[in-house]
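Peer 1: Sending over upload-v7.txt (compact mmCIF, C-alpha atoms).
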```txt
# COMPACT_ATOMS: atom_id res chain seq x y z
CA MET A 1 0.00 0.00 0.00
CA ASP A 2 1.28 3.48 -0.84
CA LYS A 3 2.63 5.38 2.19
CA ALA A 4 0.82 8.59 1.14
CA VAL A 5 -2.47 6.76 1.39
CA SER A 6 -1.75 4.68 4.48
CA GLN A 7 -0.13 7.42 6.56
CA GLY A 8 -2.02 10.73 6.68
CA PRO A 9 0.87 13.19 7.33
CA LEU A 10 2.85 11.85 4.37
CA MET A 11 -0.07 12.66 2.08
CA PHE A 12 0.33 16.36 2.91
CA LYS A 13 4.02 16.17 1.93
CA SER A 14 3.03 14.66 -1.42
CA LEU A 15 0.87 17.77 -2.14
CA ALA A 16 3.74 20.20 -1.47
CA PRO A 17 4.97 20.25 -5.12
CA LEU A 18 1.50 21.41 -6.19
CA GLY A 19 1.84 24.66 -4.28
CA PRO A 20 -0.18 26.01 -1.40
CA LEU A 21 -3.19 27.11 -3.48
CA ALA A 22 -3.60 23.73 -5.17
CA ALA A 23 -3.25 21.95 -1.83
CA LEU A 24 -5.87 24.24 -0.31
CA VAL A 25 -8.31 23.55 -3.14
CA LEU A 26 -7.77 19.79 -2.94
CA LEU A 27 -8.15 19.66 0.84
CA ALA A 28 -11.02 22.13 1.22
CA PRO A 29 -14.40 20.74 2.21
CA PRO A 30 -16.89 20.52 -0.64
CA ALA A 31 -18.59 23.84 -1.29
CA CYS A 32 -22.32 24.26 -1.37
CA HIS A 33 -23.70 23.51 -4.79
CA GLN A 34 -26.88 24.53 -6.49
CA ASP A 35 -29.39 21.74 -6.93
CA ASP A 36 -29.50 20.57 -10.55
CA ALA A 37 -33.26 20.06 -10.36
CA SER A 38 -35.34 22.16 -12.70
CA PRO A 39 -36.93 25.21 -11.12
CA LYS A 40 -40.53 24.80 -10.01
CA PRO A 41 -42.92 26.08 -12.65
CA VAL A 42 -45.24 29.02 -12.08
CA VAL A 43 -48.75 27.56 -11.84
CA ALA A 44 -51.27 29.51 -13.91
CA THR A 45 -54.83 30.08 -12.74
CA PRO A 46 -57.73 29.92 -15.27
CA GLY A 47 -57.51 32.80 -17.77
CA ALA A 48 -54.18 33.98 -16.38
CA VAL A 49 -51.81 36.37 -18.09
CA ILE A 50 -48.32 35.34 -16.95
CA PRO A 51 -45.54 37.92 -17.36
CA VAL A 52 -42.35 36.47 -18.87
CA THR A 53 -39.16 38.53 -18.92
CA ALA A 54 -36.55 38.00 -21.65
CA ASP A 55 -33.18 39.24 -20.40
CA GLU A 56 -29.51 38.24 -20.20
CA ARG A 57 -30.46 35.18 -18.10
CA GLY A 58 -33.01 33.92 -20.61
CA PHE A 59 -36.74 33.64 -19.95
CA THR A 60 -38.11 34.12 -16.44
CA PRO A 61 -40.01 32.17 -15.24
CA ALA A 62 -38.28 29.18 -16.78
CA ALA A 63 -41.48 27.13 -16.80
CA VAL A 64 -45.23 27.71 -16.56
CA GLN A 65 -47.77 25.01 -15.71
CA THR A 66 -51.40 25.11 -16.78
CA GLN A 67 -54.34 22.74 -17.09
CA HIS A 68 -55.49 21.12 -20.31
CA GLY A 69 -58.13 23.32 -21.98
CA GLN A 70 -57.49 26.30 -19.69
CA LYS A 71 -56.96 29.68 -21.39
CA LEU A 72 -53.40 30.94 -20.92
CA THR A 73 -51.58 34.00 -22.20
CA LEU A 74 -47.88 34.64 -21.75
CA ARG A 75 -46.92 38.33 -21.82
CA PHE A 76 -43.30 38.57 -22.96
CA THR A 77 -41.22 41.68 -22.30
CA ARG A 78 -37.63 41.90 -23.53
CA THR A 79 -35.65 44.11 -21.16
CA THR A 80 -32.22 44.11 -22.80
CA ASP A 81 -30.69 44.44 -26.23
CA ALA A 82 -27.64 42.42 -25.14
CA THR A 83 -29.00 38.96 -26.04
CA CYS A 84 -30.38 37.03 -28.99
CA ALA A 85 -33.85 36.92 -27.37
CA ASP A 86 -35.37 39.37 -29.85
CA LYS A 87 -38.12 36.89 -30.66
CA VAL A 88 -39.86 33.94 -29.07
CA VAL A 89 -40.48 30.71 -30.94
CA PHE A 90 -42.76 27.79 -30.02
CA PRO A 91 -41.48 25.23 -32.57
CA GLU A 92 -44.12 22.53 -31.92
CA ALA A 93 -46.99 25.04 -32.14
CA GLY A 94 -45.69 27.01 -35.14
CA ILE A 95 -45.74 30.27 -33.17
CA GLU A 96 -43.06 32.91 -33.71
CA LYS A 97 -43.33 36.47 -32.35
CA ALA A 98 -40.91 39.39 -32.44
CA LEU A 99 -40.06 40.84 -29.03
CA PRO A 100 -39.44 44.57 -29.45
CA LEU A 101 -37.36 46.08 -26.65
CA LYS A 102 -39.42 47.05 -23.56
CA GLN A 103 -42.77 46.41 -25.27
CA PRO A 104 -45.07 43.66 -23.96
CA VAL A 105 -46.09 41.00 -26.48
CA ASP A 106 -48.97 38.64 -25.68
CA VAL A 107 -48.89 35.05 -26.91
CA GLU A 108 -52.00 32.87 -26.58
CA ILE A 109 -50.86 29.38 -25.62
CA PRO A 110 -52.63 26.39 -27.15
CA THR A 111 -53.71 24.12 -24.29
CA ASP A 112 -55.75 21.65 -26.33
CA GLN A 113 -53.27 18.80 -25.73
CA VAL A 114 -51.54 17.46 -22.63
CA ARG A 115 -47.86 18.04 -23.39
CA THR A 116 -44.74 20.04 -22.71
CA LEU A 117 -44.74 22.96 -25.12
CA ASN A 118 -41.19 24.28 -25.40
CA PHE A 119 -40.36 27.84 -26.31
CA GLN A 120 -37.04 29.49 -27.09
CA CYS A 121 -35.33 32.54 -28.48
CA GLY A 122 -34.82 32.70 -32.25
CA MET A 123 -31.37 31.09 -32.03
CA GLY A 124 -32.41 28.38 -29.57
CA MET A 125 -29.95 29.62 -26.93
CA PHE A 126 -32.57 30.34 -24.24
CA LYS A 127 -35.21 27.66 -23.67
CA SER A 128 -38.25 27.37 -21.44
CA ALA A 129 -41.52 25.46 -21.41
CA VAL A 130 -45.24 25.46 -20.77
CA LEU A 131 -46.38 22.27 -19.05
CA VAL A 132 -49.96 21.46 -20.06
CA LYS A 133 -51.25 18.87 -17.56
```
The structure given in the file should be rewritten as structure tokens.

Peer 2:
Amino acid sequence: MDKAVSQGPLMFKSLAPLGPLAALVLLAPPACHQDDASPKPVVATPGAVIPVTADERGFTPAAVQTQHGQKLTLRFTRTTDATCADKVVFPEAGIEKALPLKQPVDVEIPTDQVRTLNFQCGMGMFKSAVLVK
């Protein structure tokens, strides 16, 4: 068995060539990490108009949940010119709308089928979804 593994103090000597910063990083306790789970969707009430912001982080909220057959409108507002989110596209529904800067744009969401209806910016860099349950 290797002495660096079997005898604790020798392991620290084996890290010395890496330098103090590398040794600190390797020996530090694990940092907190963000949960990889998807964010919880905003749940829409019947006839709701849900505001969706398009900014440098993408679309917020990242997901909206509604019921099958329930009327739903998403009101998109682009707040920055620094991204490719100058339009919103719902590929499966054939919907594409320009998002002029700082002007709200309403999109009626088809809820006639139980499905996940994805939407994205024109380049597909920012993606979100409407969950029709």

Peer 1: List as an mmCIF file with C-alpha atoms, in the coordinates of the input the protein and nucleic acid residues near Phe126 in chain A, meaning an atom at most 10 Å away when all atoms listed in the file are counted, but skip any in the same chain fewer than 3 places from it.

Peer 2:
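Result saved to result.cif:
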```cif
data_model
loop_
_atom_site.group_PDB
_atom_site.id
_atom_site.type_symbol
_atom_site.label_atom_id
_atom_site.label_comp_id
_atom_site.auth_asym_id
_atom_site.auth_seq_id
_atom_site.Cartn_x
_atom_site.Cartn_y
_atom_site.Cartn_z
ATOM 1 C CA ALA A 54 -36.550 38.000 -21.650
ATOM 2 C CA ASP A 55 -33.180 39.240 -20.400
ATOM 3 C CA GLU A 56 -29.510 38.240 -20.200
ATOM 4 C CA ARG A 57 -30.460 35.180 -18.100
ATOM 5 C CA GLY A 58 -33.010 33.920 -20.610
ATOM 6 C CA PHE A 59 -36.740 33.640 -19.950
ATOM 7 C CA ALA A 62 -38.280 29.180 -16.780
ATOM 8 C CA THR A 83 -29.000 38.960 -26.040
ATOM 9 C CA CYS A 84 -30.380 37.030 -28.990
ATOM 10 C CA ALA A 85 -33.850 36.920 -27.370
ATOM 11 C CA VAL A 88 -39.860 33.940 -29.070
ATOM 12 C CA PHE A 119 -40.360 27.840 -26.310
ATOM 13 C CA GLN A 120 -37.040 29.490 -27.090
ATOM 14 C CA CYS A 121 -35.330 32.540 -28.480
ATOM 15 C CA GLY A 122 -34.820 32.700 -32.250
ATOM 16 C CA MET A 123 -31.370 31.090 -32.030
#
```

Peer 1: Tell me, as a list in words, which residues lie within 10 Å of Thr60 in chain A, counting all atoms listed in the file; anything in the same chain fewer than 5 positions away does not count.

Peer 2: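 Counting all atoms listed in the file, the residues come to Val42, Pro51, Val52, Thr53, Ala54, Asp55, Phe76 and Ser128 of chain A.
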
Peer 1: Anything within 12 Å of (-46.6, 28.6, -34.1): list those residues as a list in words, counting all atoms listed in the file and sticking to the file's coordinates.

Peer 2: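 Those residues, ordered by chain and then number, are Val88, Val89, Phe90, Pro91, Glu92, Ala93, Gly94, Ile95, Glu96, Lys97, Val107, Glu108, Ile109, Pro110, Leu117, Asn118, Phe119 and Gln120 of chain A.
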
Peer 1: Compare A:Pro46, A:Ala98, A:Asp86, A:Gly69 by their minimum atom-to-atom distance to Met125 in chain A, counting only C-alpha atoms, and give me the closest one.

Peer 2: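 Using only C-alpha atoms, Met125 in chain A sits closest to A:Asp86.
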
Peer 1: Which residue is closest to Thr45 in chain A? Choose from A:Val105, A:Val114, A:Val130, A:Leu72 and count only C-alpha atoms.

Peer 2: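 For Thr45 in chain A, the nearest of the candidates is A:Leu72.
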
Peer 1: Have a look at CA of Pro104 in chain A and CA of His68 in chain A and let me know their distance in Å, one decimal.

Peer 2: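 Atom-to-atom, CA of Pro104 in chain A and CA of His68 in chain A are spaced 25.1 Å apart.
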
Peer 1: Quick one: distance from CA of Leu131 in chain A to CA of Gln103 in chain A in Å, one decimal?

Peer 2: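 Taking CA of Leu131 in chain A as the start and CA of Gln103 in chain A as the end point, the length is 25.2 Å.
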
Peer 1: Could you tell me how far CA of Pro39 in chain A sits from CA of Ala63 in chain A, in Å to one decimal place?

Peer 2: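 For CA of Ala63 in chain A relative to CA of Pro39 in chain A, the distance reads 7.5 Å.
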
Peer 1: Draw an axis-aligned box tight on the listed atoms of range 108-124 of chain A, then pad every side by 4 Å and write out centre and edge lengths in Å to one decimal as lines of an AutoDock Vina configuration file.

Peer 2:
```
center_x = -43.6
center_y = 25.2
center_z = -27.4
size_x = 32.4
size_y = 23.4
size_z = 17.6
```

Peer 1: Counting all atoms listed in the file, which residue out of A:Asp112, A:Pro41, A:Leu99, A:Lys133 sits closest to Thr77 in chain A?

Peer 2: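 Under the stated criterion, the closest residue is A:Leu99.
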
Peer 1: For a quick check of your reading of the model, name the residues lying within 7 Å of the coordinate (-50.8, 39.4, -20.7), counting only C-alpha atoms, and write them as a ChimeraX atom specification.

Peer 2: /A:49-51,73-75,106

Peer 1: Which residue gives the smallest distance to Thr111 in chain A among A:Val43, A:Val132, A:Val64, A:Ala82, with all atoms listed in the file counted?

Peer 2: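 Answer, going by the shortest atom-to-atom distance: A:Val132.
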
Peer 1: I'd like to know which of A:Leu101, A:Ala48, A:Pro61, A:Lys71 is closest to Lys87 in chain A, using all atoms listed in the file.

Peer 2: A:Leu101

Peer 1: Could range 93-104 of chain A be completed with all heavy atoms and returned as a short mmCIF file (atom, residue, chain, number, x, y, z; two decimals), in the coordinates of the input?

Peer 2:
```
data_model
loop_
_atom_site.label_atom_id
_atom_site.label_comp_id
_atom_site.auth_asym_id
_atom_site.auth_seq_id
_atom_site.Cartn_x
_atom_site.Cartn_y
_atom_site.Cartn_z
N ALA A 93 -45.70 24.39 -31.89
CA ALA A 93 -46.99 25.04 -32.14
C ALA A 93 -46.96 25.95 -33.37
O ALA A 93 -47.99 26.49 -33.75
CB ALA A 93 -47.41 25.84 -30.92
N GLY A 94 -45.80 26.13 -33.97
CA GLY A 94 -45.69 27.01 -35.14
C GLY A 94 -45.90 28.48 -34.82
O GLY A 94 -46.32 29.25 -35.67
N ILE A 95 -45.58 28.87 -33.59
CA ILE A 95 -45.74 30.27 -33.17
C ILE A 95 -44.37 30.93 -33.14
O ILE A 95 -43.41 30.37 -32.59
CB ILE A 95 -46.38 30.36 -31.77
CG1 ILE A 95 -47.77 29.75 -31.77
CG2 ILE A 95 -46.42 31.81 -31.29
CD1 ILE A 95 -48.37 29.59 -30.38
N GLU A 96 -44.29 32.11 -33.74
CA GLU A 96 -43.06 32.91 -33.71
C GLU A 96 -43.47 34.38 -33.60
O GLU A 96 -44.24 34.87 -34.43
CB GLU A 96 -42.24 32.67 -34.96
CG GLU A 96 -40.91 33.38 -34.97
CD GLU A 96 -40.03 32.97 -36.14
OE1 GLU A 96 -40.00 31.77 -36.49
OE2 GLU A 96 -39.38 33.86 -36.70
N LYS A 97 -42.98 35.07 -32.56
CA LYS A 97 -43.33 36.47 -32.35
C LYS A 97 -42.07 37.29 -32.08
O LYS A 97 -41.22 36.88 -31.29
CB LYS A 97 -44.26 36.63 -31.14
CG LYS A 97 -45.59 35.96 -31.28
CD LYS A 97 -46.61 36.91 -31.80
CE LYS A 97 -47.99 36.28 -31.74
NZ LYS A 97 -49.04 37.21 -31.79
N ALA A 98 -41.99 38.45 -32.72
CA ALA A 98 -40.91 39.39 -32.44
C ALA A 98 -41.12 39.97 -31.05
O ALA A 98 -42.26 40.17 -30.61
CB ALA A 98 -40.90 40.51 -33.48
N LEU A 99 -40.01 40.24 -30.36
CA LEU A 99 -40.06 40.84 -29.03
C LEU A 99 -39.34 42.19 -29.08
O LEU A 99 -38.14 42.28 -28.81
CB LEU A 99 -39.39 39.93 -27.99
CG LEU A 99 -40.01 38.55 -27.78
CD1 LEU A 99 -39.21 37.75 -26.76
CD2 LEU A 99 -41.47 38.67 -27.36
N PRO A 100 -40.07 43.25 -29.44
CA PRO A 100 -39.44 44.57 -29.45
C PRO A 100 -39.01 44.96 -28.03
O PRO A 100 -39.65 44.57 -27.05
CB PRO A 100 -40.54 45.51 -29.94
CG PRO A 100 -41.71 44.67 -30.29
CD PRO A 100 -41.47 43.29 -29.79
N LEU A 101 -37.92 45.69 -27.94
CA LEU A 101 -37.36 46.08 -26.65
C LEU A 101 -38.38 46.86 -25.81
O LEU A 101 -38.98 47.83 -26.29
CB LEU A 101 -36.10 46.92 -26.87
CG LEU A 101 -35.29 47.28 -25.63
CD1 LEU A 101 -34.78 46.04 -24.93
CD2 LEU A 101 -34.13 48.18 -26.01
N LYS A 102 -38.57 46.40 -24.58
CA LYS A 102 -39.42 47.05 -23.56
C LYS A 102 -40.87 47.24 -23.99
O LYS A 102 -41.55 48.15 -23.50
CB LYS A 102 -38.80 48.37 -23.12
CG LYS A 102 -37.44 48.16 -22.47
CD LYS A 102 -36.84 49.41 -21.95
CE LYS A 102 -35.48 49.06 -21.34
NZ LYS A 102 -34.77 50.20 -20.84
N GLN A 103 -41.36 46.37 -24.87
CA GLN A 103 -42.77 46.41 -25.27
C GLN A 103 -43.38 45.04 -25.01
O GLN A 103 -42.89 44.03 -25.53
CB GLN A 103 -42.90 46.76 -26.75
CG GLN A 103 -42.44 48.15 -27.09
CD GLN A 103 -42.60 48.46 -28.56
OE1 GLN A 103 -43.49 47.93 -29.22
NE2 GLN A 103 -41.74 49.30 -29.08
N PRO A 104 -44.45 44.96 -24.23
CA PRO A 104 -45.07 43.66 -23.96
C PRO A 104 -45.70 43.06 -25.21
O PRO A 104 -46.29 43.77 -26.02
CB PRO A 104 -46.13 43.97 -22.90
CG PRO A 104 -46.34 45.43 -22.95
CD PRO A 104 -45.12 46.05 -23.55
#
```
